[in-house]
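Coordinates from structure-v3.pdb are shown below (PDB, C-alpha atoms).
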ATOM      1  CA  MET F   1     204.413 253.189 259.265
ATOM      2  CA  ASN F   2     206.982 251.844 261.751
ATOM      3  CA  LEU F   3     204.648 250.902 264.602
ATOM      4  CA  PHE F   4     205.349 247.157 264.296
ATOM      5  CA  SER F   5     208.768 247.110 262.632
ATOM      6  CA  GLY F   6     211.279 244.682 264.147
ATOM      7  CA  SER F   7     208.620 242.697 266.049
ATOM      8  CA  GLU F   8     207.404 239.122 265.746
ATOM      9  CA  PHE F   9     203.837 238.102 266.572
ATOM     10  CA  ASN F  10     201.836 235.046 267.455
ATOM     11  CA  ILE F  11     198.289 234.660 268.764
ATOM     12  CA  GLN F  12     197.523 233.121 272.149
ATOM     13  CA  ASN F  13     194.609 233.165 274.566
ATOM     14  CA  SER F  14     195.425 235.491 277.465
ATOM     15  CA  LYS F  15     193.986 232.941 279.905
ATOM     16  CA  GLN F  16     196.929 230.678 279.064
ATOM     17  CA  SER F  17     199.622 233.248 279.784
ATOM     18  CA  TYR F  18     200.220 235.391 282.849
ATOM     19  CA  PHE F  19     202.649 237.442 280.748
ATOM     20  CA  ILE F  20     199.880 238.492 278.353
ATOM     21  CA  GLN F  21     197.634 239.338 281.303
ATOM     22  CA  LEU F  22     200.438 241.419 282.813
ATOM     23  CA  ALA F  23     201.039 243.226 279.510
ATOM     24  CA  ASP F  24     197.320 243.945 279.242
ATOM     25  CA  PHE F  25     197.290 245.283 282.809
ATOM     26  CA  VAL F  26     200.273 247.587 282.163
ATOM     27  CA  ALA F  27     198.856 248.791 278.812
ATOM     28  CA  GLY F  28     195.497 249.516 280.411
ATOM     29  CA  THR F  29     197.178 251.468 283.203
ATOM     30  CA  LEU F  30     199.122 253.512 280.626
ATOM     31  CA  GLY F  31     195.765 254.350 279.097
ATOM     32  CA  TYR F  32     194.680 255.920 282.382
ATOM     33  CA  ILE F  33     197.884 257.997 282.317
ATOM     34  CA  PHE F  34     197.973 259.256 278.725
ATOM     35  CA  ASP F  35     194.431 258.936 277.348
ATOM     36  CA  GLU F  36     192.734 262.329 277.793
ATOM     37  CA  SER F  37     189.319 260.673 278.155
ATOM     38  CA  LYS F  38     190.563 258.426 281.023
ATOM     39  CA  LYS F  39     192.803 260.778 282.989
ATOM     40  CA  SER F  40     191.989 261.320 286.664
ATOM     41  CA  PRO F  41     193.674 262.592 289.844
ATOM     42  CA  SER F  42     195.100 259.074 290.225
ATOM     43  CA  SER F  43     196.964 259.236 286.887
ATOM     44  CA  ILE F  44     200.057 260.777 288.468
ATOM     45  CA  LYS F  45     200.175 258.006 291.091
ATOM     46  CA  PHE F  46     199.857 255.335 288.363
ATOM     47  CA  GLN F  47     202.768 256.911 286.502
ATOM     48  CA  GLU F  48     204.934 256.973 289.619
ATOM     49  CA  LEU F  49     204.250 253.280 290.307
ATOM     50  CA  LEU F  50     205.035 252.184 286.741
ATOM     51  CA  ALA F  51     208.069 254.426 286.191
ATOM     52  CA  PRO F  52     210.650 252.053 287.800
ATOM     53  CA  LYS F  53     209.346 249.133 285.714
ATOM     54  CA  ILE F  54     209.380 250.800 282.267
ATOM     55  CA  ALA F  55     212.577 251.198 280.258
ATOM     56  CA  SER F  56     211.097 253.550 277.623
ATOM     57  CA  LEU F  57     207.890 254.624 275.941
ATOM     58  CA  ASP F  58     207.337 255.045 272.209
ATOM     59  CA  PHE F  59     204.384 257.161 271.088
ATOM     60  CA  PHE F  60     202.453 256.406 267.915
ATOM     61  CA  PRO F  61     201.577 258.260 265.830
ATOM     62  CA  ASN F  62     204.479 260.633 266.393
ATOM     63  CA  ASP F  63     203.763 264.315 266.868
ATOM     64  CA  TYR F  64     204.947 265.198 263.390
ATOM     65  CA  SER F  65     205.897 268.801 262.758
ATOM     66  CA  PHE F  66     205.120 270.698 259.594
ATOM     67  CA  LYS F  67     208.835 270.681 258.771
ATOM     68  CA  GLU F  68     208.773 266.880 258.769
ATOM     69  CA  LEU F  69     205.831 266.930 256.357
ATOM     70  CA  LEU F  70     207.621 269.465 254.172
ATOM     71  CA  ASP F  71     210.871 267.485 254.071
ATOM     72  CA  THR F  72     209.278 264.115 253.279
ATOM     73  CA  ASN F  73     206.576 265.218 250.840
ATOM     74  CA  VAL F  74     206.840 263.924 247.263
ATOM     75  CA  ASP F  75     203.490 265.130 245.886
ATOM     76  CA  GLU F  76     204.162 267.333 242.850
ATOM     77  CA  ASP F  77     201.007 269.393 243.576
ATOM     78  CA  PHE F  78     202.115 270.174 247.142
ATOM     79  CA  ASP F  79     201.764 273.867 248.082
ATOM     80  CA  PRO F  80     203.598 274.695 251.357
ATOM     81  CA  LYS F  81     201.532 277.840 251.989
ATOM     82  CA  ILE F  82     198.211 276.006 251.812
ATOM     83  CA  ALA F  83     199.524 272.966 253.680
ATOM     84  CA  SER F  84     201.014 275.127 256.442
ATOM     85  CA  VAL F  85     197.756 276.991 257.131
ATOM     86  CA  CYS F  86     195.762 273.741 257.274
ATOM     87  CA  HIS F  87     198.336 272.019 259.499
ATOM     88  CA  GLN F  88     198.538 274.917 261.972
ATOM     89  CA  ARG F  89     194.765 275.197 262.383
ATOM     90  CA  ILE F  90     194.461 271.485 263.093
ATOM     91  CA  LYS F  91     197.384 271.574 265.512
ATOM     92  CA  THR F  92     195.844 274.501 267.416
ATOM     93  CA  PHE F  93     192.498 272.683 267.620
ATOM     94  CA  LEU F  94     194.089 269.482 268.958
ATOM     95  CA  GLU F  95     196.086 271.434 271.545
ATOM     96  CA  THR F  96     193.059 273.333 272.884
ATOM     97  CA  GLU F  97     190.238 270.776 272.710
ATOM     98  CA  LYS F  98     190.061 267.975 275.306
ATOM     99  CA  GLY F  99     187.180 265.867 274.041
ATOM    100  CA  LYS F 100     184.665 266.478 276.818
ATOM    101  CA  ASP F 101     181.783 264.987 274.832
ATOM    102  CA  GLN F 102     181.307 262.445 272.040
ATOM    103  CA  GLN F 103     181.136 265.050 269.293
ATOM    104  CA  LYS F 104     184.471 266.611 270.295
ATOM    105  CA  MET F 105     186.059 263.176 270.673
ATOM    106  CA  ASP F 106     184.896 262.255 267.162
ATOM    107  CA  GLN F 107     186.335 265.496 265.791
ATOM    108  CA  ILE F 108     189.681 264.993 267.553
ATOM    109  CA  ASN F 109     189.949 261.364 266.437
ATOM    110  CA  LEU F 110     189.090 262.309 262.854
ATOM    111  CA  LEU F 111     191.758 265.018 262.684
ATOM    112  CA  LYS F 112     194.381 262.696 264.165
ATOM    113  CA  LEU F 113     193.413 260.071 261.591
ATOM    114  CA  LEU F 114     193.664 262.578 258.723
ATOM    115  CA  LEU F 115     197.095 263.673 259.964
ATOM    116  CA  LEU F 116     198.238 260.059 260.118
ATOM    117  CA  PHE F 117     197.027 259.274 256.604
ATOM    118  CA  GLN F 118     198.571 262.468 255.265
ATOM    119  CA  ARG F 119     201.982 261.027 256.137
ATOM    120  CA  ALA F 120     201.326 257.335 255.646
ATOM    121  CA  ASN F 121     200.198 257.785 252.040
ATOM    122  CA  ILE F 122     202.862 259.120 249.714
ATOM    123  CA  LYS F 123     200.395 260.777 247.358
ATOM    124  CA  ASN F 124     198.228 262.067 250.212
ATOM    125  CA  ARG F 125     195.109 260.355 248.895
ATOM    126  CA  TYR F 126     191.520 260.969 249.922
ATOM    127  CA  ILE F 127     190.096 258.681 252.628
ATOM    128  CA  SER F 128     186.639 257.249 252.021
ATOM    129  CA  THR F 129     183.870 257.657 254.576
ATOM    130  CA  ARG F 130     183.727 253.871 254.950
ATOM    131  CA  GLU F 131     187.437 253.737 255.802
ATOM    132  CA  ILE F 132     187.107 256.604 258.284
ATOM    133  CA  PHE F 133     184.168 254.889 259.976
ATOM    134  CA  SER F 134     186.133 251.639 260.287
ATOM    135  CA  HIS F 135     188.758 253.523 262.312
ATOM    136  CA  LEU F 136     186.416 255.652 264.451
ATOM    137  CA  ASN F 137     183.625 253.188 265.265
ATOM    138  CA  PRO F 138     185.655 250.816 267.521
ATOM    139  CA  SER F 139     186.065 253.613 270.096
ATOM    140  CA  ARG F 140     182.331 254.491 270.138
ATOM    141  CA  HIS F 141     179.360 252.916 271.905
ATOM    142  CA  GLU F 142     177.184 253.429 268.799
ATOM    143  CA  VAL F 143     178.230 253.334 265.158
ATOM    144  CA  LEU F 144     178.543 256.636 263.311
ATOM    145  CA  LYS F 145     175.657 257.814 261.158
ATOM    146  CA  GLN F 146     176.313 259.523 257.816
ATOM    147  CA  GLU F 147     174.187 262.610 258.546
ATOM    148  CA  TYR F 148     175.747 263.106 261.993
ATOM    149  CA  PHE F 149     179.256 262.711 260.575
ATOM    150  CA  ARG F 150     178.703 265.245 257.785
ATOM    151  CA  SER F 151     177.011 267.904 259.921
ATOM    152  CA  LYS F 152     178.299 267.486 263.483
ATOM    153  CA  VAL F 153     181.848 266.326 262.751
ATOM    154  CA  ILE F 154     182.960 267.583 259.314
ATOM    155  CA  GLY F 155     180.558 270.520 259.079
ATOM    156  CA  ASN F 156     181.165 271.758 262.611
ATOM    157  CA  LEU F 157     184.941 271.547 262.181
ATOM    158  CA  ARG F 158     184.669 273.661 259.043
ATOM    159  CA  ASP F 159     182.497 276.163 260.912
ATOM    160  CA  GLN F 160     185.400 276.518 263.364
ATOM    161  CA  GLY F 161     187.851 277.301 260.579
ATOM    162  CA  ILE F 162     189.361 273.823 260.103
ATOM    163  CA  LEU F 163     190.068 273.254 256.409
ATOM    164  CA  ILE F 164     189.051 269.788 255.210
ATOM    165  CA  ALA F 165     189.012 268.969 251.513
ATOM    166  CA  SER F 166     186.326 266.644 250.213
ATOM    167  CA  GLY F 167     185.423 265.034 246.936
ATOM    168  CA  ARG F 168     183.856 261.930 245.460
ATOM    169  CA  ASN F 169     186.628 259.810 246.988
ATOM    170  CA  GLY F 170     186.296 261.082 250.577
ATOM    171  CA  TYR F 171     188.201 263.531 252.762
ATOM    172  CA  LYS F 172     191.754 264.760 253.327
ATOM    173  CA  ILE F 173     193.763 267.651 254.727
ATOM    174  CA  PRO F 174     194.308 270.133 251.876
ATOM    175  CA  SER F 175     197.891 270.466 250.725
ATOM    176  CA  SER F 176     197.427 272.005 247.274
ATOM    177  CA  SER F 177     195.210 274.393 245.343
ATOM    178  CA  LYS F 178     193.815 271.323 243.561
ATOM    179  CA  ASP F 179     192.451 270.007 246.869
ATOM    180  CA  LEU F 180     190.683 273.324 247.526
ATOM    181  CA  ASP F 181     189.328 273.411 243.956
ATOM    182  CA  ASN F 182     187.773 269.971 244.490
ATOM    183  CA  PHE F 183     186.139 271.157 247.722
ATOM    184  CA  ILE F 184     184.771 274.347 246.117
ATOM    185  CA  ASN F 185     183.514 272.518 243.023
ATOM    186  CA  LEU F 186     181.689 269.992 245.201
ATOM    187  CA  GLY F 187     180.031 272.824 247.119
ATOM    188  CA  LYS F 188     179.205 274.682 243.913
ATOM    189  CA  ARG F 189     177.335 271.692 242.520
ATOM    190  CA  ILE F 190     175.142 271.719 245.635
ATOM    191  CA  VAL F 191     174.792 275.427 246.436
ATOM    192  CA  LEU F 192     174.204 277.014 243.015
ATOM    193  CA  PRO F 193     171.341 274.702 241.924
ATOM    194  CA  MET F 194     169.617 275.240 245.305
ATOM    195  CA  LEU F 195     169.947 279.020 245.012
ATOM    196  CA  ASN F 196     168.517 278.886 241.488
ATOM    197  CA  ARG F 197     165.553 276.789 242.648
ATOM    198  CA  ILE F 198     164.805 279.161 245.514
ATOM    199  CA  THR F 199     165.054 282.138 243.143
ATOM    200  CA  GLU F 200     162.663 280.511 240.665
ATOM    201  CA  ALA F 201     160.147 279.742 243.423
ATOM    202  CA  ARG F 202     160.428 283.289 244.769
ATOM    203  CA  GLU F 203     159.836 284.883 241.379
ATOM    204  CA  ALA F 204     156.892 282.585 240.616
ATOM    205  CA  ILE F 205     155.106 283.548 243.860
ATOM    206  CA  LYS F 206     155.866 287.256 243.396
ATOM    207  CA  LEU F 207     154.423 287.105 239.893
ATOM    208  CA  ALA F 208     151.276 285.276 241.022
ATOM    209  CA  ALA F 209     150.776 287.724 243.927
ATOM    210  CA  SER F 210     151.335 290.842 241.808
ATOM    211  CA  ASN F 211     154.655 291.430 243.568
ATOM    212  CA  GLU F 212     152.925 291.780 246.957
ATOM    213  CA  LEU F 213     154.364 288.594 248.494
ATOM    214  CA  ASP F 214     158.062 287.787 248.864
ATOM    215  CA  ILE F 215     158.681 284.353 250.379
ATOM    216  CA  LEU F 216     162.122 285.528 251.547
ATOM    217  CA  ASP F 217     160.735 288.536 253.381
ATOM    218  CA  LYS F 218     161.215 287.007 256.840
ATOM    219  CA  ASP F 219     163.891 287.549 259.479
ATOM    220  CA  ALA F 220     164.932 283.914 259.247
ATOM    221  CA  PHE F 221     165.721 284.352 255.540
ATOM    222  CA  ALA F 222     167.394 287.771 255.737
ATOM    223  CA  GLU F 223     170.892 286.540 254.883
ATOM    224  CA  LEU F 224     169.602 284.342 252.064
ATOM    225  CA  LYS F 225     167.561 287.212 250.616
ATOM    226  CA  LYS F 226     170.566 289.513 250.755
ATOM    227  CA  LEU F 227     172.710 286.929 248.967
ATOM    228  CA  ILE F 228     170.155 286.306 246.191
ATOM    229  CA  ASP F 229     169.448 290.022 245.685
ATOM    230  CA  LYS F 230     173.134 290.603 245.037
TER     231      LYS F 230
END
Show how you would write the structure in this file as structure tokens.
Amino acid sequence: MNLFSGSEFNIQNSKQSYFIQLADFVAGTLGYIFDESKKSPSSIKFQELLAPKIASLDFFPNDYSFKELLDTNVDEDFDPKIASVCHQRIKTFLETEKGKDQQKMDQINLLKLLLLFQRANIKNRYISTREIFSHLNPSRHEVLKQEYFRSKVIGNLRDQGILIASGRNGYKIPSSSKDLDNFINLGKRIVLPMLNRITEAREAIKLAASNELDILDKDAFAELKKLIDK
């Protein structure tokens, strides 16, 4: 929220100003020092060359701690136990993953975006898929596809134990039991009808085949069969 505070701006073509070209050159070099996707053995040398010319560096977004989130939160539904678990899992993921491929980079960028919005929005609102895409697409060669985002980004993160709440209004980091209820209810509306349809189809075939054919009697469906039988 304070990235641009205290600054004045005007727009000018970089071709008309050596100062803008110099700023662009320095900023680009900083990218090769701090951006994990651009780091190289030369990064240390770049940092040594720039060090005498730079008075200070401000990082945005800040590496907010859970205590900072706890102290500044004003959401009446906030549950510190739920929020703490979700925050720690995301923090561990961001500290261990380096974004070696596009899928990992998308996951890292999404989690950083969710962390930023968790603090930038007082009521910790949900972020729509369209809004998320508008932030993630500029750093990609191809625009995100809905199916890829749901399965390879959101779905895969959840498979790894990252808790992401979702609802009709988008996604967010859970910070209350209400957030988790919304996620479970959304899943229930999808999972239970599908299980009922599979059960109906199974029973219809068993009845027609005098109970001699079970469409779930295959190794690939073993877990599903076990779940339905229970």
Among listed residues F:Arg202, F:Arg168, F:Arg158, F:Lys152, nearest Ile228 (chain F) (using all atoms listed in the file):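 That would be F:Arg202, the residue with the smallest distance to Ile228 (chain F).
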Selected residue of minimal separation from Asp214 (chain F) among F:Leu227, F:Leu69, F:Ala27, F:Ile198, counting only C-alpha atoms: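 Of the candidates, the smallest distance to Asp214 (chain F) is held by F:Ile198.
Across the model, the gap from CA of Asn137 (chain F) to CA of Val153 (chain F) is 13.5 Å.
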Nearest candidate to Val143 (chain F) (options F:Asp106, F:Glu97, F:Asp179, F:Glu223; using only C-alpha atoms):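 Nearest candidate to Val143 (chain F) out of F:Asp106, F:Glu97, F:Asp179, F:Glu223: F:Asp106.
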Residue nearest Ser175 (chain F) - candidates F:Ser139, F:Ser14, F:Asn73, F:Gln107, atoms counted: only C-alpha atoms: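 When distances to Ser175 (chain F) are compared using only C-alpha atoms, the smallest one comes from F:Asn73.
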Selection result for the PyMOL selection byres ((chain F and resi 224) around 12) on this file, as an MDAnalysis selection string: chainID F and resid 191 194:196 198:199 202 215:223 225:230
